[in-house]
Amino acid sequence: MSVLVANCPACGASVEFKSGQSIVVICSYCRSAVARTDRDLKDLGKVAEIVETGSPLDIGIQGRWKDIPFELTGRAQLGHEMGGQWDEWYATFSNGWLGWLAEAQGRFYLTFQHPIPENVNLPSFEQLQLGQSIGGLPWPTSLIVAETGRATALGAKGEIPYLLTPGDTYYYADLSGPNQGFGTLDYNETPPLVFLGQQVTLTEIGITSTRAPEREQKEVAAAQLACPQCGGTLDLRAPDKTERVTCPSCNSLLDVNQGQLKFLKALGKPSFQPVIPIGTTGDVPEGKMTVIGAMTRSVTIEGTQYFWGEYLLYNPQIGFRWLVNSDDYWNYVEAIPPGEISELADSVSLTTPLGAQDRPAKSVDFRGRNYRIFQDAPAVVESVLGEFYWKVEAGENVRATDYVSPPYMLSKEVTTLLVPQPTRPGKKQNIGEINWSLGTYVTPAQIEKSFGVSDLPRPSIIAPNQPYLYKWIYKYWIIFILAGLLVACLSFITSGSTKEVFSQRVTFEPLPNEDGTQVFFSEPFQLSGHRNIRITGESPVQNTWVYLEGDLISDDTGLVQSFPVDISYYQGVEDGEAWTEGAQKNSTDTSSLPAGKYVLRLEAQWERWQQPASVSVRIEQNVSNGFNFVLMLIGLSIVPVIMAIYHFTFEKRRWSESMFTPISDSGDDDD
Amino acid sequence: MFKTVYTIFGTCVIGLYVAASLLGWQFGGGSRHTLPPDVRQNGYRSFHFWHYGLHGGK
């Protein structure tokens, strides 16, 4: 497989270029970077030893991507401007492809260099904006700028496909897009080199036999080191990832570099006591994770400072996660690729603490779910305890924007740093990164159970992403209403038609005085059982009334069903407009009576007592009046209506904590 | 728990509606009494009974 075997110009040892695309090979004896030129080999200088990161990859490991086998032939270690480092592995494919496999924070990104289309002018590094969409790239989805930065070549091993000069720096922009899309614009050249690909898992690239078990064994065991300030012992639970750690004895902030601790500054007495002690292992949805660091952060809104706590969780197989504790509610948080988020074009109209410029989007979409803006403010690190994978320190400032869709919360944090411009020395510009994370609401009881802590305070406010637990009632409500409608239809169809069982016109003689009454008893008639009854009285009254006190009397049992029928009808003309009130016909419905013979008794009173009164009486059974149906609807709706009112107050309380509340007493919505 | 309670409650409401439909129940619509045996024997059509007996001195 060797393309070229030669002697190292620095030490004379044998060096081997296995790939025709390799430009530099690192001499495994003297660590010189040996470059291949047209004529001979050139010594570019010595590179540092690779810092052991616990990577599951190694040179010589073979894999397969899109059915093409490859081998890892080189590794470069690059330093990040904001601290930390990442690895780039070079994959030489059997068909001549050259892949770049970046490894950072336990995630892998496989990219390939693509030529820039002829009609595309990529922005210069100075023109780049975080979140900016980069168009014209040969990639099926849009890609946004997720990070701009300056990298420094720290160390290397094996074969490198470009002219790696130890200590050299170059500017780059990382791009992120939907469906794990990933890209890098390498501003080491003009125009920049374009690398496009996607985030992958080791399984997806056919790497199964890695050093993972070995890594697990090494990483789970914490490293024990001595504090250079006080001599006290401290445990590093993620020794290959940690950049900063605080000493539990003297609370000094220490820098971690290749397992060496360096005193940075004394933090004084810890200003907070983590409610979950550092070192505690708990069960989270993804597995067991250990709390390795804790910090407090704050935002200042309208002059008031609000604090919250964040706990850094770590598991070598899972990576880093967070538990965020604010106002006694909790969130389990994991990082997500910025390219997966669609920031909708409509921005808020409110001037945020960050000023009128660069207003955040009102809402964002993530995996088919819409999130509404809740807060936008600069967040500051107040205090730290334990270890962290970046160079954290008190005062670190990011712009934090929260979007909610209970039980989830998306948080966007934008970090910027001023660095010299690449093309105009002396001028400076911002570089930085966008980090998106997805938080899931967790109850204090779940935290207590998972981490074995007790007596956590319960929240007194509604959390931004606290789920309203009774939304199901609307679905149940609709189901019950539909079921009720179905039952009503079936009942109507099967009950048969209305049946008249009695009808008679009764004439009452004039009364002796205005308080007198006249009584009428009917001949017996048959009533069916299990059929409701309607008694209708009709009288040709005009601007007067007739009142009937009625009874249905069972001849068989003596059962009496009393009922009133009030007939009154008035009409007239007032201010040229005709009016009427009441009706010449009125009825009363009663429940069914046991089947049998019944007599109708009517006792009548009427206003014009000197004159006779004429009343037609009709008795029907099996009458449809809808009253029971309305009662059923009311019965089914009582609880949902109460819950809807509670839901409204719940949301009002939630959004009262937001600077972008859509629910307002005064109606002065912010957006 | 609340889900179960509302499910039971809703089922009962619909069940009551079905029962009311089948049995001819009607909410409201006047009072119901039984005539005393002596009144039935002596004849319930007397003015005295309806005004000083069943209807309580109306």
# chains A, B, ... in the order shown; residues from 1 in each chain; ligands from 1
$ residues_around --residues "range 28-32 of chain B" --least-positions-apart "4" --cutoff "12 Å" --atoms "only C-alpha atoms" --output "PDB file with N, CA and C atoms, in the first residue's frame"
ATOM      1  N   ASN A 532     -92.224   9.256  28.507  1.00  0.00           N
ATOM      2  CA  ASN A 532     -92.486  10.547  29.153  1.00  0.00           C
ATOM      3  C   ASN A 532     -93.816  11.114  28.678  1.00  0.00           C
ATOM      4  N   ILE A 533     -94.281  12.118  29.369  1.00  0.00           N
ATOM      5  CA  ILE A 533     -95.649  12.622  29.126  1.00  0.00           C
ATOM      6  C   ILE A 533     -95.595  14.129  28.898  1.00  0.00           C
ATOM      7  N   ARG A 534     -96.337  14.570  27.914  1.00  0.00           N
ATOM      8  CA  ARG A 534     -96.463  16.015  27.683  1.00  0.00           C
ATOM      9  C   ARG A 534     -97.948  16.382  27.751  1.00  0.00           C
ATOM     10  N   ILE A 535     -98.276  17.361  28.621  1.00  0.00           N
ATOM     11  CA  ILE A 535     -99.651  17.855  28.733  1.00  0.00           C
ATOM     12  C   ILE A 535     -99.663  19.252  28.124  1.00  0.00           C
ATOM     13  N   GLU A 549    -104.320  24.017  37.109  1.00  0.00           N
ATOM     14  CA  GLU A 549    -103.584  23.160  38.034  1.00  0.00           C
ATOM     15  C   GLU A 549    -104.048  21.739  37.714  1.00  0.00           C
ATOM     16  N   GLY A 550    -103.117  20.905  37.197  1.00  0.00           N
ATOM     17  CA  GLY A 550    -103.547  19.604  36.721  1.00  0.00           C
ATOM     18  C   GLY A 550    -103.012  18.454  37.546  1.00  0.00           C
ATOM     19  N   ASP A 551    -103.703  17.332  37.490  1.00  0.00           N
ATOM     20  CA  ASP A 551    -103.253  16.099  38.142  1.00  0.00           C
ATOM     21  C   ASP A 551    -103.614  14.932  37.249  1.00  0.00           C
ATOM     22  N   LEU A 552    -102.663  14.015  37.144  1.00  0.00           N
ATOM     23  CA  LEU A 552    -102.948  12.733  36.507  1.00  0.00           C
ATOM     24  C   LEU A 552    -103.074  11.730  37.647  1.00  0.00           C
ATOM     25  N   ILE A 553    -104.260  11.096  37.765  1.00  0.00           N
ATOM     26  CA  ILE A 553    -104.538  10.244  38.929  1.00  0.00           C
ATOM     27  C   ILE A 553    -104.696   8.804  38.452  1.00  0.00           C
ATOM     28  N   SER A 554    -103.889   7.923  39.065  1.00  0.00           N
ATOM     29  CA  SER A 554    -103.978   6.509  38.685  1.00  0.00           C
ATOM     30  C   SER A 554    -105.193   5.880  39.360  1.00  0.00           C
ATOM     31  N   GLY A 558    -103.622   4.996  42.911  1.00  0.00           N
ATOM     32  CA  GLY A 558    -103.798   6.253  43.630  1.00  0.00           C
ATOM     33  C   GLY A 558    -102.636   7.203  43.458  1.00  0.00           C
ATOM     34  N   LEU A 559    -101.744   6.870  42.563  1.00  0.00           N
ATOM     35  CA  LEU A 559    -100.597   7.754  42.310  1.00  0.00           C
ATOM     36  C   LEU A 559    -101.078   9.026  41.621  1.00  0.00           C
ATOM     37  N   VAL A 560    -100.577  10.160  42.068  1.00  0.00           N
ATOM     38  CA  VAL A 560    -100.988  11.446  41.510  1.00  0.00           C
ATOM     39  C   VAL A 560     -99.761  12.193  40.997  1.00  0.00           C
ATOM     40  N   GLN A 561     -99.809  12.557  39.745  1.00  0.00           N
ATOM     41  CA  GLN A 561     -98.747  13.400  39.168  1.00  0.00           C
ATOM     42  C   GLN A 561     -99.356  14.785  38.930  1.00  0.00           C
ATOM     43  N   SER A 562     -98.868  15.746  39.703  1.00  0.00           N
ATOM     44  CA  SER A 562     -99.383  17.112  39.560  1.00  0.00           C
ATOM     45  C   SER A 562     -98.550  17.869  38.546  1.00  0.00           C
ATOM     46  N   PHE A 563     -99.168  18.843  37.908  1.00  0.00           N
ATOM     47  CA  PHE A 563     -98.431  19.675  36.943  1.00  0.00           C
ATOM     48  C   PHE A 563     -99.179  20.997  36.757  1.00  0.00           C
ATOM     49  N   PRO A 564     -98.512  22.061  36.442  1.00  0.00           N
ATOM     50  CA  PRO A 564     -99.184  23.329  36.137  1.00  0.00           C
ATOM     51  C   PRO A 564     -99.130  23.612  34.632  1.00  0.00           C
ATOM     52  N   VAL A 565    -100.157  24.274  34.144  1.00  0.00           N
ATOM     53  CA  VAL A 565    -100.122  24.781  32.760  1.00  0.00           C
ATOM     54  C   VAL A 565    -100.612  26.224  32.799  1.00  0.00           C
ATOM     55  N   SER A 587     -97.290  24.012  27.457  1.00  0.00           N
ATOM     56  CA  SER A 587     -97.267  22.595  27.822  1.00  0.00           C
ATOM     57  C   SER A 587     -96.286  22.339  28.951  1.00  0.00           C
ATOM     58  N   THR A 588     -96.467  21.202  29.580  1.00  0.00           N
ATOM     59  CA  THR A 588     -95.577  20.752  30.648  1.00  0.00           C
ATOM     60  C   THR A 588     -95.211  19.294  30.382  1.00  0.00           C
ATOM     61  N   ASP A 589     -93.917  18.993  30.556  1.00  0.00           N
ATOM     62  CA  ASP A 589     -93.467  17.606  30.382  1.00  0.00           C
ATOM     63  C   ASP A 589     -93.218  16.992  31.752  1.00  0.00           C
ATOM     64  N   THR A 590     -93.596  15.746  31.903  1.00  0.00           N
ATOM     65  CA  THR A 590     -93.313  15.035  33.152  1.00  0.00           C
ATOM     66  C   THR A 590     -92.702  13.672  32.823  1.00  0.00           C
ATOM     67  N   SER A 591     -92.118  13.089  33.865  1.00  0.00           N
ATOM     68  CA  SER A 591     -91.558  11.747  33.698  1.00  0.00           C
ATOM     69  C   SER A 591     -92.670  10.743  33.446  1.00  0.00           C
ATOM     70  N   SER A 592     -92.261   9.584  32.989  1.00  0.00           N
ATOM     71  CA  SER A 592     -93.238   8.524  32.725  1.00  0.00           C
ATOM     72  C   SER A 592     -93.921   8.098  34.027  1.00  0.00           C
ATOM     73  N   LEU A 593     -95.091   7.537  33.877  1.00  0.00           N
ATOM     74  CA  LEU A 593     -95.830   6.980  35.015  1.00  0.00           C
ATOM     75  C   LEU A 593     -96.006   5.486  34.763  1.00  0.00           C
ATOM     76  N   PHE A 627     -84.418  18.169  26.265  1.00  0.00           N
ATOM     77  CA  PHE A 627     -84.004  18.692  27.569  1.00  0.00           C
ATOM     78  C   PHE A 627     -82.970  17.778  28.233  1.00  0.00           C
ATOM     79  N   ASN A 628     -83.229  16.476  28.159  1.00  0.00           N
ATOM     80  CA  ASN A 628     -82.270  15.538  28.749  1.00  0.00           C
ATOM     81  C   ASN A 628     -80.916  15.605  28.043  1.00  0.00           C
ATOM     82  N   LEU A 631     -79.095  18.551  29.282  1.00  0.00           N
ATOM     83  CA  LEU A 631     -78.588  18.246  30.627  1.00  0.00           C
ATOM     84  C   LEU A 631     -77.335  17.386  30.548  1.00  0.00           C
TER      85      LEU A 631
ATOM     86  N   LEU B  54    -104.733  17.007  49.642  1.00  0.00           N
ATOM     87  CA  LEU B  54    -103.525  16.831  48.826  1.00  0.00           C
ATOM     88  C   LEU B  54    -102.805  18.139  48.548  1.00  0.00           C
ATOM     89  N   HIS B  55    -103.504  19.168  48.164  1.00  0.00           N
ATOM     90  CA  HIS B  55    -102.837  20.420  47.809  1.00  0.00           C
ATOM     91  C   HIS B  55    -102.661  21.362  48.986  1.00  0.00           C
TER      92      HIS B  55
END
$ interface_residues --of "chain B" --to "chain A" --cutoff "7 Å" --atoms "only C-alpha atoms" --output "ChimeraX atom specification"
/B:10,13-14,17,21-26,28-35,40
$ write_last_selection --atoms "N, CA and C atoms" --output "CSV table (one decimal), in the first residue's frame"
chain,number,residue,atom,x,y,z
B,10,GLY,N,-68.0,10.8,33.3
B,10,GLY,CA,-68.6,11.0,31.9
B,10,GLY,C,-69.4,9.8,31.5
B,13,VAL,N,-72.7,10.0,33.3
B,13,VAL,CA,-73.6,11.0,32.7
B,13,VAL,C,-74.3,10.4,31.5
B,14,ILE,N,-73.5,9.8,30.6
B,14,ILE,CA,-74.1,9.2,29.4
B,14,ILE,C,-75.0,8.1,29.8
B,17,TYR,N,-78.2,9.4,30.8
B,17,TYR,CA,-79.0,9.9,29.7
B,17,TYR,C,-79.7,8.7,29.0
B,21,SER,N,-83.6,8.1,28.7
B,21,SER,CA,-84.3,7.9,27.4
B,21,SER,C,-85.1,6.6,27.4
B,22,LEU,N,-84.6,5.5,28.0
B,22,LEU,CA,-85.3,4.3,27.9
B,22,LEU,C,-86.5,4.2,28.9
B,23,LEU,N,-86.3,4.9,30.0
B,23,LEU,CA,-87.4,4.8,31.0
B,23,LEU,C,-88.3,6.0,31.0
B,24,GLY,N,-88.1,7.0,30.2
B,24,GLY,CA,-89.0,8.1,30.0
B,24,GLY,C,-88.8,9.1,31.2
B,25,TRP,N,-87.6,9.2,31.8
B,25,TRP,CA,-87.5,10.1,32.9
B,25,TRP,C,-87.4,11.5,32.4
B,26,GLN,N,-87.9,12.4,33.2
B,26,GLN,CA,-87.8,13.8,32.8
B,26,GLN,C,-87.5,14.6,34.0
B,28,GLY,N,-87.7,17.6,36.4
B,28,GLY,CA,-88.8,18.6,36.7
B,28,GLY,C,-90.2,18.1,36.3
B,29,GLY,N,-91.1,19.1,36.1
B,29,GLY,CA,-92.4,18.7,35.6
B,29,GLY,C,-93.5,18.5,36.6
B,30,GLY,N,-93.3,18.9,37.9
B,30,GLY,CA,-94.3,18.8,38.9
B,30,GLY,C,-94.0,17.7,39.9
B,31,SER,N,-94.9,17.8,41.0
B,31,SER,CA,-94.7,16.9,42.1
B,31,SER,C,-95.5,15.6,41.9
B,32,ARG,N,-95.2,14.6,42.7
B,32,ARG,CA,-95.9,13.3,42.6
B,32,ARG,C,-96.3,12.8,44.0
B,33,HIS,N,-97.5,12.4,44.2
B,33,HIS,CA,-98.0,12.0,45.5
B,33,HIS,C,-98.8,10.7,45.3
B,34,THR,N,-99.2,10.2,46.4
B,34,THR,CA,-100.1,9.0,46.4
B,34,THR,C,-101.4,9.3,47.2
B,35,LEU,N,-102.5,9.0,46.7
B,35,LEU,CA,-103.7,9.3,47.5
B,35,LEU,C,-103.8,8.4,48.7
B,40,ARG,N,-109.3,7.2,48.5
B,40,ARG,CA,-109.6,6.4,47.3
B,40,ARG,C,-110.9,5.7,47.5
$ residues_around --residues "Gln224 in chain A" --least-positions-apart "2" --cutoff "7 Å" --atoms "only C-alpha atoms" --output "PDB file with C-alpha atoms, in the first residue's frame"
ATOM      1  CA  ALA A 222     -11.307   9.202  38.366  1.00  0.00           C
ATOM      2  CA  THR A 233      -6.381  16.091  46.835  1.00  0.00           C
ATOM      3  CA  LEU A 234      -9.001  16.464  44.188  1.00  0.00           C
ATOM      4  CA  ASP A 235     -10.634  13.948  41.903  1.00  0.00           C
ATOM      5  CA  LEU A 236     -10.952  14.452  38.182  1.00  0.00           C
TER       6      LEU A 236
END
$ residues_around --residues "Asn188 in chain A" --least-positions-apart "4" --cutoff "10 Å" --atoms "only C-alpha atoms" --output "PDB file with C-alpha atoms, in the first residue's frame"
ATOM      1  CA  THR A 169      -3.246  29.118  13.299  1.00  0.00           C
ATOM      2  CA  TYR A 170      -6.069  29.348  10.805  1.00  0.00           C
ATOM      3  CA  TYR A 171      -9.609  30.677  10.749  1.00  0.00           C
ATOM      4  CA  TYR A 172     -12.592  28.504  10.116  1.00  0.00           C
ATOM      5  CA  PRO A 192     -11.953  29.098   1.606  1.00  0.00           C
ATOM      6  CA  LEU A 193     -11.851  25.353   1.275  1.00  0.00           C
ATOM      7  CA  PRO A 422      -6.953  37.377   9.634  1.00  0.00           C
TER       8      PRO A 422
END
$ atom_distance --atom1 "CA of Tyr109 in chain A" --atom2 "CA of Ala156 in chain A"
18.5 Å
$ atom_distance --atom1 "CA of Leu137 in chain A" --atom2 "CA of Lys412 in chain A"
25.2 Å
$ select_by_dssp --residues "chain B" --states "helix (DSSP H, G or I)" --output "PyMOL selection string"
chain B and resi 2-23+37-42+47-54
$ write_last_selection --atoms "N, CA and C atoms" --output "tab-separated table (two decimals), in the first residue's frame"
chain	number	residue	atom	x	y	z
B	2	PHE	N	-57.11	11.36	38.03
B	2	PHE	CA	-58.14	12.30	37.60
B	2	PHE	C	-58.78	11.84	36.29
B	3	LYS	N	-57.93	11.25	35.44
B	3	LYS	CA	-58.41	10.73	34.16
B	3	LYS	C	-59.47	9.65	34.41
B	4	THR	N	-59.16	8.78	35.36
B	4	THR	CA	-60.09	7.69	35.68
B	4	THR	C	-61.40	8.25	36.23
B	5	VAL	N	-61.25	9.24	37.12
B	5	VAL	CA	-62.44	9.82	37.75
B	5	VAL	C	-63.33	10.46	36.69
B	6	TYR	N	-62.70	11.23	35.77
B	6	TYR	CA	-63.52	11.89	34.75
B	6	TYR	C	-64.13	10.87	33.78
B	7	THR	N	-63.38	9.83	33.50
B	7	THR	CA	-63.91	8.78	32.61
B	7	THR	C	-65.14	8.13	33.25
B	8	ILE	N	-65.04	7.83	34.55
B	8	ILE	CA	-66.18	7.22	35.25
B	8	ILE	C	-67.35	8.20	35.28
B	9	PHE	N	-67.04	9.47	35.59
B	9	PHE	CA	-68.08	10.48	35.68
B	9	PHE	C	-68.79	10.65	34.33
B	10	GLY	N	-68.00	10.78	33.25
B	10	GLY	CA	-68.58	10.97	31.91
B	10	GLY	C	-69.42	9.78	31.50
B	11	THR	N	-68.93	8.58	31.83
B	11	THR	CA	-69.67	7.37	31.49
B	11	THR	C	-71.00	7.34	32.24
B	12	CYS	N	-70.95	7.77	33.51
B	12	CYS	CA	-72.18	7.80	34.31
B	12	CYS	C	-73.18	8.79	33.72
B	13	VAL	N	-72.68	9.96	33.29
B	13	VAL	CA	-73.58	10.97	32.73
B	13	VAL	C	-74.28	10.42	31.48
B	14	ILE	N	-73.48	9.79	30.61
B	14	ILE	CA	-74.08	9.23	29.39
B	14	ILE	C	-75.02	8.07	29.75
B	15	GLY	N	-74.61	7.29	30.75
B	15	GLY	CA	-75.45	6.19	31.22
B	15	GLY	C	-76.79	6.69	31.74
B	16	LEU	N	-76.75	7.80	32.47
B	16	LEU	CA	-77.99	8.40	33.00
B	16	LEU	C	-78.88	8.85	31.85
B	17	TYR	N	-78.23	9.43	30.83
B	17	TYR	CA	-79.01	9.90	29.67
B	17	TYR	C	-79.69	8.71	28.98
B	18	VAL	N	-78.94	7.63	28.84
B	18	VAL	CA	-79.51	6.43	28.20
B	18	VAL	C	-80.67	5.91	29.03
B	19	ALA	N	-80.45	5.84	30.35
B	19	ALA	CA	-81.50	5.34	31.24
B	19	ALA	C	-82.74	6.24	31.15
B	20	ALA	N	-82.51	7.56	31.14
B	20	ALA	CA	-83.63	8.51	31.06
B	20	ALA	C	-84.39	8.32	29.76
B	21	SER	N	-83.64	8.06	28.68
B	21	SER	CA	-84.29	7.88	27.37
B	21	SER	C	-85.12	6.60	27.37
B	22	LEU	N	-84.56	5.54	27.95
B	22	LEU	CA	-85.26	4.25	27.93
B	22	LEU	C	-86.46	4.23	28.87
B	23	LEU	N	-86.33	4.91	30.00
B	23	LEU	CA	-87.38	4.82	31.02
B	23	LEU	C	-88.33	6.01	31.01
B	37	PRO	N	-105.43	5.72	51.20
B	37	PRO	CA	-106.42	4.68	50.89
B	37	PRO	C	-107.86	5.11	51.19
B	38	ASP	N	-108.06	5.84	52.31
B	38	ASP	CA	-109.42	6.22	52.66
B	38	ASP	C	-110.01	7.19	51.65
B	39	VAL	N	-109.17	8.03	51.10
B	39	VAL	CA	-109.64	8.98	50.09
B	39	VAL	C	-110.05	8.22	48.83
B	40	ARG	N	-109.26	7.20	48.48
B	40	ARG	CA	-109.57	6.43	47.28
B	40	ARG	C	-110.89	5.69	47.47
B	41	GLN	N	-111.10	5.18	48.73
B	41	GLN	CA	-112.33	4.42	48.99
B	41	GLN	C	-113.55	5.35	48.96
B	42	ASN	N	-113.39	6.55	49.51
B	42	ASN	CA	-114.52	7.47	49.63
B	42	ASN	C	-114.72	8.33	48.39
B	47	PHE	N	-114.23	18.23	46.51
B	47	PHE	CA	-113.56	19.53	46.54
B	47	PHE	C	-112.71	19.65	47.79
B	48	HIS	N	-113.25	19.10	48.88
B	48	HIS	CA	-112.58	19.23	50.17
B	48	HIS	C	-111.19	18.60	50.14
B	49	PHE	N	-111.15	17.40	49.56
B	49	PHE	CA	-109.84	16.72	49.57
B	49	PHE	C	-108.78	17.51	48.81
B	50	TRP	N	-109.08	17.95	47.61
B	50	TRP	CA	-108.07	18.62	46.78
B	50	TRP	C	-107.65	19.96	47.35
B	51	HIS	N	-108.61	20.58	48.13
B	51	HIS	CA	-108.27	21.91	48.64
B	51	HIS	C	-107.74	21.90	50.05
B	52	TYR	N	-108.09	20.87	50.81
B	52	TYR	CA	-107.60	20.85	52.19
B	52	TYR	C	-106.75	19.63	52.47
B	53	GLY	N	-106.69	18.74	51.49
B	53	GLY	CA	-105.92	17.52	51.67
B	53	GLY	C	-104.64	17.54	50.85
B	54	LEU	N	-104.73	17.01	49.64
B	54	LEU	CA	-103.53	16.83	48.83
B	54	LEU	C	-102.80	18.14	48.55
$ closest_residue --among "A:Pro337, A:Ile50, A:Phe272, A:Pro277" --to "Leu78 in chain A" --atoms "only C-alpha atoms"
A:Ile50
$ residues_around --residues "range 536-540 of chain A" --least-positions-apart "2" --cutoff "8 Å" --atoms "only C-alpha atoms" --output "list in words"
Arg534, Gln542, Val546, Val565, Ile567, Gln584, Lys585, Asn586, Ser587, Thr588, Ala613, Ser614, Val615, Ser616, Val617, Arg618 and Ile619 of chain A
$ residues_around --residues "Glu159 in chain A" --least-positions-apart "6" --cutoff "8 Å" --atoms "only C-alpha atoms" --output "PyMOL selection string"
chain A and resi 17-19+22-26+73-75+90
$ atom_distance --atom1 "CA of Arg36 in chain A" --atom2 "CA of Val51 in chain A"
25.2 Å
$ residues_around --residues "Thr208 in chain A" --least-positions-apart "5" --cutoff "9 Å" --atoms "only C-alpha atoms" --output "list in words"
Gly63, Leu202 and Thr203 of chain A
$ select_by_dssp --residues "range 463-504 of chain A" --states "strand (DSSP E or B)" --output "list in words"
Lys499, Glu500, Val501, Phe502, Ser503 and Gln504 of chain A
$ write_last_selection --atoms "all heavy atoms" --output "CSV table (one decimal), in the first residue's frame"
chain,number,residue,atom,x,y,z
A,499,LYS,N,-97.0,9.7,20.6
A,499,LYS,CA,-98.4,9.1,20.6
A,499,LYS,C,-99.3,10.0,21.4
A,499,LYS,O,-99.0,10.2,22.6
A,499,LYS,CB,-98.3,7.7,21.1
A,499,LYS,CG,-99.6,6.9,21.1
A,499,LYS,CD,-99.4,5.6,21.7
A,499,LYS,CE,-100.8,4.9,21.8
A,499,LYS,NZ,-100.7,3.7,22.7
A,500,GLU,N,-100.4,10.3,20.8
A,500,GLU,CA,-101.5,11.1,21.5
A,500,GLU,C,-102.3,10.1,22.3
A,500,GLU,O,-102.9,9.2,21.7
A,500,GLU,CB,-102.3,11.9,20.6
A,500,GLU,CG,-103.3,12.8,21.3
A,500,GLU,CD,-104.1,13.7,20.3
A,500,GLU,OE1,-103.5,14.7,19.8
A,500,GLU,OE2,-105.2,13.3,20.0
A,501,VAL,N,-102.5,10.3,23.6
A,501,VAL,CA,-103.3,9.4,24.4
A,501,VAL,C,-104.6,10.0,24.9
A,501,VAL,O,-105.5,9.3,25.4
A,501,VAL,CB,-102.5,8.9,25.6
A,501,VAL,CG1,-101.3,8.0,25.1
A,501,VAL,CG2,-102.0,10.0,26.5
A,502,PHE,N,-104.7,11.3,24.9
A,502,PHE,CA,-105.9,12.0,25.3
A,502,PHE,C,-106.0,13.4,24.7
A,502,PHE,O,-105.0,14.1,24.5
A,502,PHE,CB,-105.8,12.2,26.9
A,502,PHE,CG,-107.0,12.9,27.4
A,502,PHE,CD1,-108.2,12.3,27.8
A,502,PHE,CD2,-106.9,14.3,27.7
A,502,PHE,CE1,-109.3,13.0,28.3
A,502,PHE,CE2,-108.0,15.0,28.2
A,502,PHE,CZ,-109.2,14.4,28.5
A,503,SER,N,-107.3,13.7,24.3
A,503,SER,CA,-107.5,15.1,23.8
A,503,SER,C,-108.9,15.4,24.0
A,503,SER,O,-109.8,14.6,23.7
A,503,SER,CB,-107.2,15.0,22.3
A,503,SER,OG,-107.4,16.3,21.7
A,504,GLN,N,-109.2,16.6,24.5
A,504,GLN,CA,-110.5,17.0,24.8
A,504,GLN,C,-110.6,18.5,24.9
A,504,GLN,O,-109.7,19.2,25.4
A,504,GLN,CB,-111.0,16.4,26.1
A,504,GLN,CG,-112.5,16.6,26.3
A,504,GLN,CD,-113.1,15.8,27.5
A,504,GLN,OE1,-112.5,14.8,27.9
A,504,GLN,NE2,-114.2,16.2,28.0
